[in-house]
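**Q** The following block contains the structure, expressed as structure tokens.
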Amino acid sequence: MIKKGLTFLTCFSVLFFLSCSLDDAPFEHRYVVNLVLKPDMKFQRAFVDSTYRLDVPVGLYNAGISDAEIFLVDENSDTFWFDESDTLMGLYYSIDSFFVEYGMQYLVNISVEGEVMSREVQVPGSLAILSPEHLDTISLSNPPLLVWNSCDYCFKNAYDVLPYITGEMAESDSFPPMVSLDTFMGIFSASLLFKEKDTMYTLLLQAKDSNAYAFSNMWFEYGELKEGIAVGLIGALSFDTIAVWVRE
Amino acid sequence: MLFCAFCLMLLGSNYSVLTGEIFDAATKEPLPMVNIVIVGTELGTVTDDKGYYSIIMSDSLSGFQVRYSMMGYRKVTKDIKFDGREYLSVDVAMHMEPLKVQGILVSAKKKKFRSSASITPSSLSQKDFMMLPSFVEGDLMRTLEALPGVTKSSDFSTAISVRGGGPDQNIVLLDDVPLLNPFHLFGLVSAFNSNAIKSAELYVSGIPIKHDASLSSVLDIRTKGVGREIEGLTGVASLSVLSGSLTLGSKIPSINSNFLLSVRRTYADKLLALFDYDLPYYFYDGYLHWETDISDWSLVLSGYTGKDFLDIRDDDDESIRIIGFDWGNDVVALNLFHSNTEGDLFHIFAGYSNHDFYLRVLDTIFITDGNIDVGTIGAEYIKKLGEHEITVGLNDSYNPFEYNVNFLMGYEYSYKDIWSNRASLYIEDKFKLSDKILLLGGVSLTHYYSESEEFNQTNSDFLRAYRLSAKYFFDDLRAITFSFGNFHQYIVPGGSVISGADIPIYYWIPLGGQYDPEEAHHFNLGFEGWLREDLYFSLEGYYREYNRLLRMRDLDDIEISTEQEYYETMLEEGSGEAYGIDFLLKKEIGNLRGWVSYSFLKTDVVFGDETYPTDWDRNHNLHVTLLALLGKKYEAGVQFGLCTGNPYTTDLARYRYRKEVMPYGEDESEWIELQGDKNQVRYPPYIRLDASLSRSFYFGNNELDVKLSLYNVLNSKNVFMYYYDYDQEPPIKETFYMLPFIPSIEFIYRF
């Protein structure tokens, strides 16, 4: 009996430890790209970077990749180039200004160290908050609806609304954006979002293309841009903002 | 009893019947397989599964002694005087005692071994889960984790996975009625109050044809009644660090009935309120079990209700609710049994089960509520025809459900008029081909119908299920078995109510529209028997093929514009397989009892182009469970588990996400990990040792048990997850561990 027991324990031990693969997964290098087109912004920006080891220190300013080649081609075959920033490695600005148009489709091309990534991006249509009006006073005891126009190419017809105290954008981190599938939202009835009374709040309304939408639904994890080579976000969004005075 | 009465009629009035029920004096549980002998004669019998016995005797016996004996219990001898009656009932309460004699066959287990065409299902009695070490208090579901074939993904959940199937693929039946999400405290403890549960049987192979509503296993739980012999009020009052409970039962002779009522509630919120501390959570549950005989029918009415409440308010303004969450179940079951003089059994059952939840997050920002009902009705007839035992049954299950999701009045889904119905007809034949071979075959035909008036959608399917089991007996102590069958599942979880968390409170969704029921095939090959007369073993290999699995899609792949689009795109279809070996060595009698179980398990599921092992894929699982009777007053329990670590998705690197603060703010920067392929590495091995010691104090017929439990005595650092602390550069890899060493004490007073 004892002999059988020992045999069993020996077999179990061998099998057991064979099945325990250790957490020694190797580091994997990827290029990391972030480029979100926004109409009405003077310049478009792109970041080109790479992944880093989890156990090696990385400074704020020793990240980023230089010498990337970035350009956009629109439906009219017009091409718009990006230049590298002098101030921050890996940051690129468009050379042209105010060229991104609502509803326009662009082919984004990024070439870095011999690897080429490209994406088609459909910029959402124009977006405007219709009600309340900019600088209106909102009474939370009689909350109005926030209403906006229906925007073409807004992926899944889903709109984000983010309220924050004007000038204190960081405060908004405590709440995720509110989502609506319609062109209105009863955001002022959520008193928790407007805890400070007699205060000016900014409401940011956004419509996204499919790439930016997927990114926010993946808890802000980048998706694959090129299998095994690059991750990131190449997308577009439209937005509008108003500021309102909020009281009890 | 009915059979005996019938025999008496045949034999005339020269014979009498001695009948009665034998039960455990402490737990009031009926005792099966008690030996009953009329001293000085060759007359005798054993009690059946419900503790009943009957002996037909000649009237010439006017006075005699009856001896009642069972391994582990003090012998009882009764002097009986027969006064000419044809029918005499003698009920007996037996007291446990430490054993001094070994080597007697475990008759009850052997009876099941001989009558089951597959590996005998693992069963636990109330005594088992009361004696074993507890996590804060005795919990049936936590005891199950030591059985072969059972794995878990963490200590924080009592949900189990069986032979590679997900926690959602086990159907839990309470007196034949499905119970959905049977958990309290977000899954940390189960909904089963130990004082109200009589037994639990876990079917992992050779699952009867009548059960075709889950892909993986059937957990058949029976509520507890009161022995018919109990005079006056009996009950149990218990207090643990988590909750207090009171169980009361009594016979009601005037209506030939007995009942048992059990209620339980957490008390920490009330206790802390005395110190001006507000604990925003509590739960309660209650059980009712009522039995009666009407004519020659036995009727059992049972019910369960349970609710959890969480209400977290804003510190500054209590009128603002940060999180409001409550969920619970209500169950009513009615079972009627009738057996005729030929030993045939007729069983009718009807039941209703409801699961509801209400979740409100951040005031009015997110509100969701819903409920799903299960209405069941069925009948079953078991007929013995020579060497055949034929079971014919039909049942119907009706599932209406309703969900509402409201996101700041701008994002509103409402599912109201969706329902499904499942009507099944089944037949099963257990055939004793010879003394060596037992066969069992069963088929069922199910009509599954779902309808959504709002979506203008109906779905009608006829599904066939089949089972085949064969058992070859080498002798009275050993047999090999083979079984296979196909299984379906008709309701699936559309994710956890708290998404991303290891919390088994699911949104259950009846399948309709383009979603066909899930399907799996099971193949089992086993060997079971006794190594020694008191040492049972089973060894079974299995392969499971999941032809059709459904899981929730990523949100960006779901069409969300309308309720209908959401429903029609929310699930994606996949497949999978699981295989392994389960071994059990169990000593069921003696002063030292317990079991050793070992399970090897391997799973893979495929969704899209992704193939990965499931979260509960622990390849090797060793559990040792020991129960010791130490004299008349002490009992000790030890549970040890050593398992392969659960798979997880590792981080391969990190990247900087430059968050462009909209519309014109400064950039913010945060680190995000780049993850590898899903579940390709494992946490370190899982090790846990639990221990308990209980002492009984006797006060006349009453008993006080004080039980000290030590959960995770070794304080093993079992990993739940890794995360990175970015307060330093490079980031520090931190570990979130599972439950540490937790001592607890329970007081159980039986009267």
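Letters A, B, ... go to the chains of the structure tokens in the order shown; residues in each chain start at 1; ligands are counted from 1 in the same order.
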What are the residues of chain A lining chain B at 6 Å or less? Count only C-alpha atoms, and put the answer as a PyMOL selection string.

**A** chain A and resi 16+21+27-28+51-57+180-182+184-186+190+214

**Q** Restrict the selected residues to C-alpha atoms and save them as a PDB file, in the first residue's frame.

**A**
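out_2.pdb, freshly written:
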ATOM      1  CA  PHE A  16       2.513  18.520 -11.490  1.00  0.00           C
ATOM      2  CA  SER A  21       5.069  26.786 -16.809  1.00  0.00           C
ATOM      3  CA  PHE A  27       9.819  40.821 -24.049  1.00  0.00           C
ATOM      4  CA  GLU A  28       8.113  41.618 -27.325  1.00  0.00           C
ATOM      5  CA  THR A  51       7.166  49.134 -26.419  1.00  0.00           C
ATOM      6  CA  TYR A  52       9.522  48.976 -23.438  1.00  0.00           C
ATOM      7  CA  ARG A  53      10.607  46.333 -21.026  1.00  0.00           C
ATOM      8  CA  LEU A  54       8.654  46.275 -17.820  1.00  0.00           C
ATOM      9  CA  ASP A  55      11.781  45.977 -15.701  1.00  0.00           C
ATOM     10  CA  VAL A  56      13.931  48.640 -17.336  1.00  0.00           C
ATOM     11  CA  PRO A  57      13.568  52.342 -16.468  1.00  0.00           C
ATOM     12  CA  SER A 180     -25.719  57.906 -25.716  1.00  0.00           C
ATOM     13  CA  LEU A 181     -27.008  56.155 -28.791  1.00  0.00           C
ATOM     14  CA  ASP A 182     -29.375  58.992 -29.470  1.00  0.00           C
ATOM     15  CA  PHE A 184     -29.817  63.702 -26.469  1.00  0.00           C
ATOM     16  CA  MET A 185     -28.810  62.911 -22.932  1.00  0.00           C
ATOM     17  CA  GLY A 186     -30.281  63.736 -19.549  1.00  0.00           C
ATOM     18  CA  ALA A 190     -27.026  63.009 -12.809  1.00  0.00           C
ATOM     19  CA  ALA A 214     -12.873  50.168 -30.602  1.00  0.00           C
TER      20      ALA A 214
END

**Q** Just want the 6 Å neighbourhood of range 217-234 of chain A, counted on only C-alpha atoms, with same-chain residues fewer than 6 positions away dropped. Output as a list of chain:residue names.

**A**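 Here the qualifying residues turn out to be A:Arg30, A:Tyr31, A:Val32, A:Val33, A:Asn34, A:Leu35, A:Val36.
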
**Q** Take the residues from that selection and write them out as an mmCIF file, in the first residue's frame, keeping C-alpha atoms.

**A**
data_model
loop_
_atom_site.group_PDB
_atom_site.id
_atom_site.type_symbol
_atom_site.label_atom_id
_atom_site.label_comp_id
_atom_site.auth_asym_id
_atom_site.auth_seq_id
_atom_site.Cartn_x
_atom_site.Cartn_y
_atom_site.Cartn_z
ATOM 1 C CA ARG A 30 6.251 46.576 -31.147
ATOM 2 C CA TYR A 31 6.067 49.962 -32.758
ATOM 3 C CA VAL A 32 3.431 52.097 -31.084
ATOM 4 C CA VAL A 33 1.501 54.691 -33.077
ATOM 5 C CA ASN A 34 -1.159 57.174 -32.021
ATOM 6 C CA LEU A 35 -2.794 59.425 -34.589
ATOM 7 C CA VAL A 36 -6.365 60.681 -34.212
#

**Q** Take CA of Asp417 in chain B and CA of Asp356 in chain B and report the distance between them in Å, one decimal.

**A**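 Computing the Euclidean distance for CA of Asp417 in chain B and CA of Asp356 in chain B yields 16.1 Å.
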
**Q** Name the residues in contact with Ile221 in chain B at a cut-off of 9 Å, using only C-alpha atoms, excluding same-chain residues fewer than 6 positions from it; report them as number ranges by chain.

**A** B: 172-176, 197-202

**Q** Grab the residues selected above and save them as a CSV table (one decimal), in the first residue's frame with C-alpha atoms.

**A**
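Once everything was written out, this is result-v3.csv:
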chain,number,residue,atom,x,y,z
B,172,VAL,CA,-28.0,23.6,-9.8
B,173,LEU,CA,-31.3,21.9,-8.9
B,174,LEU,CA,-33.0,22.5,-5.6
B,175,ASP,CA,-35.6,19.8,-5.2
B,176,ASP,CA,-35.7,19.4,-9.0
B,197,ILE,CA,-29.7,21.0,3.1
B,198,LYS,CA,-30.0,17.3,3.4
B,199,SER,CA,-27.7,16.1,0.7
B,200,ALA,CA,-26.0,17.0,-2.6
B,201,GLU,CA,-25.2,14.8,-5.4
B,202,LEU,CA,-22.9,15.9,-8.2

**Q** If we count only C-alpha atoms, what is near Val161 in chain A at a cut-off of 9 Å, once residues fewer than 5 positions away on the same chain are taken out, given as number ranges by chain?

**A** A: 177-180, 185, 187, 203-206

**Q** Can those selected residues be exported to a file as an mmCIF file, in the first residue's frame so that it contains C-alpha atoms?

**A**
data_model
loop_
_atom_site.group_PDB
_atom_site.id
_atom_site.type_symbol
_atom_site.label_atom_id
_atom_site.label_comp_id
_atom_site.auth_asym_id
_atom_site.auth_seq_id
_atom_site.Cartn_x
_atom_site.Cartn_y
_atom_site.Cartn_z
ATOM 1 C CA PRO A 177 -17.528 59.558 -20.517
ATOM 2 C CA MET A 178 -21.289 59.067 -20.603
ATOM 3 C CA VAL A 179 -22.568 57.320 -23.714
ATOM 4 C CA SER A 180 -25.719 57.906 -25.716
ATOM 5 C CA MET A 185 -28.810 62.911 -22.932
ATOM 6 C CA ILE A 187 -26.859 64.414 -18.159
ATOM 7 C CA LEU A 203 -19.419 69.666 -21.701
ATOM 8 C CA LEU A 204 -17.401 67.864 -24.317
ATOM 9 C CA LEU A 205 -19.350 65.909 -26.935
ATOM 10 C CA GLN A 206 -17.515 63.444 -29.174
#

**Q** At what distance in Å, to one decimal, does CA of Ser161 in chain B lie from CA of Ser597 in chain B?

**A**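 Calculated distance between CA of Ser597 in chain B and CA of Ser161 in chain B is 15.5 Å.
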
**Q** Rank B:Gly187, B:Gly149, B:Gly393, B:Gly351 by their smallest atom-to-atom distance to Thr446 in chain B, using only C-alpha atoms, and report the top residue only.

**A**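 Among the listed residues, B:Gly393 lies closest to Thr446 in chain B.
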
**Q** With a distance cut-off of 7 Å and only C-alpha atoms, select the neighbouring residues of range 139-151 of chain A, excluding the residue or stretch itself and same-chain residues fewer than 4 positions from it, and output the selection as a compact mmCIF listing (two decimals) with N, CA and C atoms, in the first residue's frame.

**A**
# COMPACT_ATOMS: atom_id res chain seq x y z
N PRO A 124 -15.75 61.44 -38.83
CA PRO A 124 -17.19 61.67 -38.63
C PRO A 124 -17.60 63.06 -39.11
N GLY A 125 -18.90 63.21 -39.33
CA GLY A 125 -19.41 64.49 -39.80
C GLY A 125 -19.41 65.55 -38.72
N SER A 126 -19.90 66.68 -39.09
CA SER A 126 -19.89 67.82 -38.18
C SER A 126 -20.83 67.56 -36.99
N LEU A 127 -20.38 67.99 -35.84
CA LEU A 127 -21.12 67.73 -34.60
C LEU A 127 -21.31 69.04 -33.87
N ALA A 128 -22.55 69.30 -33.43
CA ALA A 128 -22.80 70.57 -32.73
C ALA A 128 -23.85 70.37 -31.64
N ILE A 129 -23.56 70.90 -30.47
CA ILE A 129 -24.54 70.87 -29.39
C ILE A 129 -25.59 71.93 -29.69
N LEU A 130 -26.86 71.51 -29.73
CA LEU A 130 -27.95 72.40 -30.09
C LEU A 130 -28.58 73.06 -28.87
N SER A 131 -28.57 72.32 -27.77
CA SER A 131 -29.21 72.84 -26.58
C SER A 131 -28.62 72.13 -25.36
N PRO A 132 -28.38 72.85 -24.27
CA PRO A 132 -28.50 74.30 -24.08
C PRO A 132 -27.45 75.06 -24.91
N THR A 183 -29.51 61.36 -29.89
CA THR A 183 -28.93 62.70 -30.02
C THR A 183 -29.34 63.58 -28.84
N PHE A 184 -29.54 62.94 -27.69
CA PHE A 184 -29.82 63.70 -26.47
C PHE A 184 -29.34 62.90 -25.28
N MET A 185 -29.22 63.59 -24.16
CA MET A 185 -28.81 62.91 -22.93
C MET A 185 -29.30 63.74 -21.74
N GLY A 186 -29.83 63.04 -20.75
CA GLY A 186 -30.28 63.74 -19.55
C GLY A 186 -29.16 63.88 -18.54
N ILE A 187 -28.06 64.42 -19.00
CA ILE A 187 -26.86 64.41 -18.16
C ILE A 187 -27.00 65.31 -16.94
N PHE A 188 -27.82 66.35 -17.04
CA PHE A 188 -27.93 67.25 -15.89
C PHE A 188 -28.76 66.66 -14.75
N SER A 189 -29.43 65.56 -15.01
CA SER A 189 -30.15 64.91 -13.91
C SER A 189 -29.24 64.00 -13.10
N VAL A 246 -23.70 76.13 -13.78
CA VAL A 246 -24.57 75.14 -13.13
C VAL A 246 -24.91 75.61 -11.73
N ARG A 247 -26.20 75.64 -11.43
CA ARG A 247 -26.61 75.98 -10.06
C ARG A 247 -27.61 74.94 -9.55
N GLU A 248 -27.91 75.06 -8.26
CA GLU A 248 -28.78 74.08 -7.59
C GLU A 248 -30.09 73.89 -8.36

**Q** I need the residues in range 1-241 of chain A that are alpha helix (DSSP H) according to DSSP; give them as a list in words.

**A** Ile2, Lys3, Lys4, Gly5, Leu6, Thr7, Phe8, Leu9, Thr10, Cys11, Phe12, Ser13, Val14, Leu15, Phe16, Phe17, Leu18, Ser210, Asn211, Ala212, Tyr213, Ala214, Phe215, Ser216 and Asn217 of chain A

**Q** How about saving the chosen residues, N, CA and C atoms kept, as a tab-separated table (two decimals), in the first residue's frame?

**A**
chain	number	residue	atom	x	y	z
A	2	ILE	N	1.89	1.23	0.91
A	2	ILE	CA	2.77	2.40	1.03
A	2	ILE	C	3.55	2.60	-0.28
A	3	LYS	N	3.95	1.45	-0.85
A	3	LYS	CA	4.71	1.51	-2.11
A	3	LYS	C	3.86	2.13	-3.22
A	4	LYS	N	2.57	1.68	-3.25
A	4	LYS	CA	1.67	2.23	-4.28
A	4	LYS	C	1.48	3.73	-4.07
A	5	GLY	N	1.34	4.09	-2.80
A	5	GLY	CA	1.14	5.51	-2.47
A	5	GLY	C	2.33	6.34	-2.91
A	6	LEU	N	3.55	5.83	-2.65
A	6	LEU	CA	4.76	6.57	-3.03
A	6	LEU	C	4.87	6.68	-4.54
A	7	THR	N	4.49	5.61	-5.23
A	7	THR	CA	4.53	5.63	-6.69
A	7	THR	C	3.58	6.70	-7.22
A	8	PHE	N	2.39	6.73	-6.62
A	8	PHE	CA	1.40	7.71	-7.04
A	8	PHE	C	1.91	9.13	-6.80
A	9	LEU	N	2.49	9.35	-5.61
A	9	LEU	CA	2.97	10.69	-5.28
A	9	LEU	C	4.10	11.12	-6.20
A	10	THR	N	4.98	10.17	-6.54
A	10	THR	CA	6.10	10.50	-7.44
A	10	THR	C	5.57	10.90	-8.81
A	11	CYS	N	4.62	10.07	-9.32
A	11	CYS	CA	4.04	10.38	-10.64
A	11	CYS	C	3.35	11.74	-10.60
A	12	PHE	N	2.60	11.97	-9.52
A	12	PHE	CA	1.88	13.24	-9.40
A	12	PHE	C	2.85	14.41	-9.41
A	13	SER	N	3.94	14.26	-8.63
A	13	SER	CA	4.90	15.36	-8.51
A	13	SER	C	5.52	15.70	-9.86
A	14	VAL	N	5.90	14.65	-10.59
A	14	VAL	CA	6.53	14.87	-11.91
A	14	VAL	C	5.54	15.58	-12.84
A	15	LEU	N	4.32	15.03	-12.90
A	15	LEU	CA	3.30	15.64	-13.77
A	15	LEU	C	2.99	17.06	-13.34
A	16	PHE	N	2.91	17.22	-12.03
A	16	PHE	CA	2.51	18.52	-11.49
A	16	PHE	C	3.49	19.61	-11.90
A	17	PHE	N	4.77	19.33	-11.67
A	17	PHE	CA	5.74	20.38	-11.95
A	17	PHE	C	5.99	20.57	-13.44
A	18	LEU	N	5.75	19.51	-14.21
A	18	LEU	CA	5.83	19.68	-15.66
A	18	LEU	C	4.75	20.63	-16.17
A	210	SER	N	-14.69	54.10	-36.34
A	210	SER	CA	-14.67	52.73	-35.80
A	210	SER	C	-13.40	52.44	-35.01
A	211	ASN	N	-12.28	53.01	-35.42
A	211	ASN	CA	-11.03	52.71	-34.73
A	211	ASN	C	-10.99	53.34	-33.34
A	212	ALA	N	-11.38	54.61	-33.27
A	212	ALA	CA	-11.39	55.28	-31.97
A	212	ALA	C	-12.44	54.67	-31.04
A	213	TYR	N	-13.53	54.22	-31.64
A	213	TYR	CA	-14.58	53.57	-30.85
A	213	TYR	C	-14.05	52.26	-30.25
A	214	ALA	N	-13.40	51.45	-31.08
A	214	ALA	CA	-12.87	50.17	-30.60
A	214	ALA	C	-11.85	50.39	-29.50
A	215	PHE	N	-11.04	51.42	-29.66
A	215	PHE	CA	-10.00	51.72	-28.67
A	215	PHE	C	-10.62	52.02	-27.31
A	216	SER	N	-11.67	52.84	-27.30
A	216	SER	CA	-12.26	53.18	-26.00
A	216	SER	C	-13.03	51.99	-25.43
A	217	ASN	N	-13.51	51.09	-26.27
A	217	ASN	CA	-14.20	49.92	-25.75
A	217	ASN	C	-13.25	48.83	-25.31

**Q** Can you list, as number ranges by chain, every residue of range 354-561 of chain B that DSSP puts in strand (DSSP E or B)?

**A** B: 354-361, 366-385, 388-407, 411-432, 437-452, 457-473, 478-489, 491-496, 506-510, 518-532, 535-552

**Q** Any idea what's packed within 9 Å of Glu545 in chain B, counting only C-alpha atoms, ignoring anything in its chain fewer than 5 positions away? Could you give it as a PyMOL selection string?

**A** chain B and resi 519-523+575-579

**Q** Please measure the separation of CA of Gly590 in chain B and CA of Asp534 in chain B, giving the value in Å to one decimal.

**A**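 Rounded to one decimal, the two atoms are 8.4 Å apart.
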
**Q** Show me, as a VMD selection string, the residues that have an atom within 9 Å of range 395-403 of chain B when counting only C-alpha atoms, minus same-chain residues fewer than 2 positions from it.

**A** chain B and resid 210 349 368 to 380 393 405 413 to 426 450 491 507 to 510
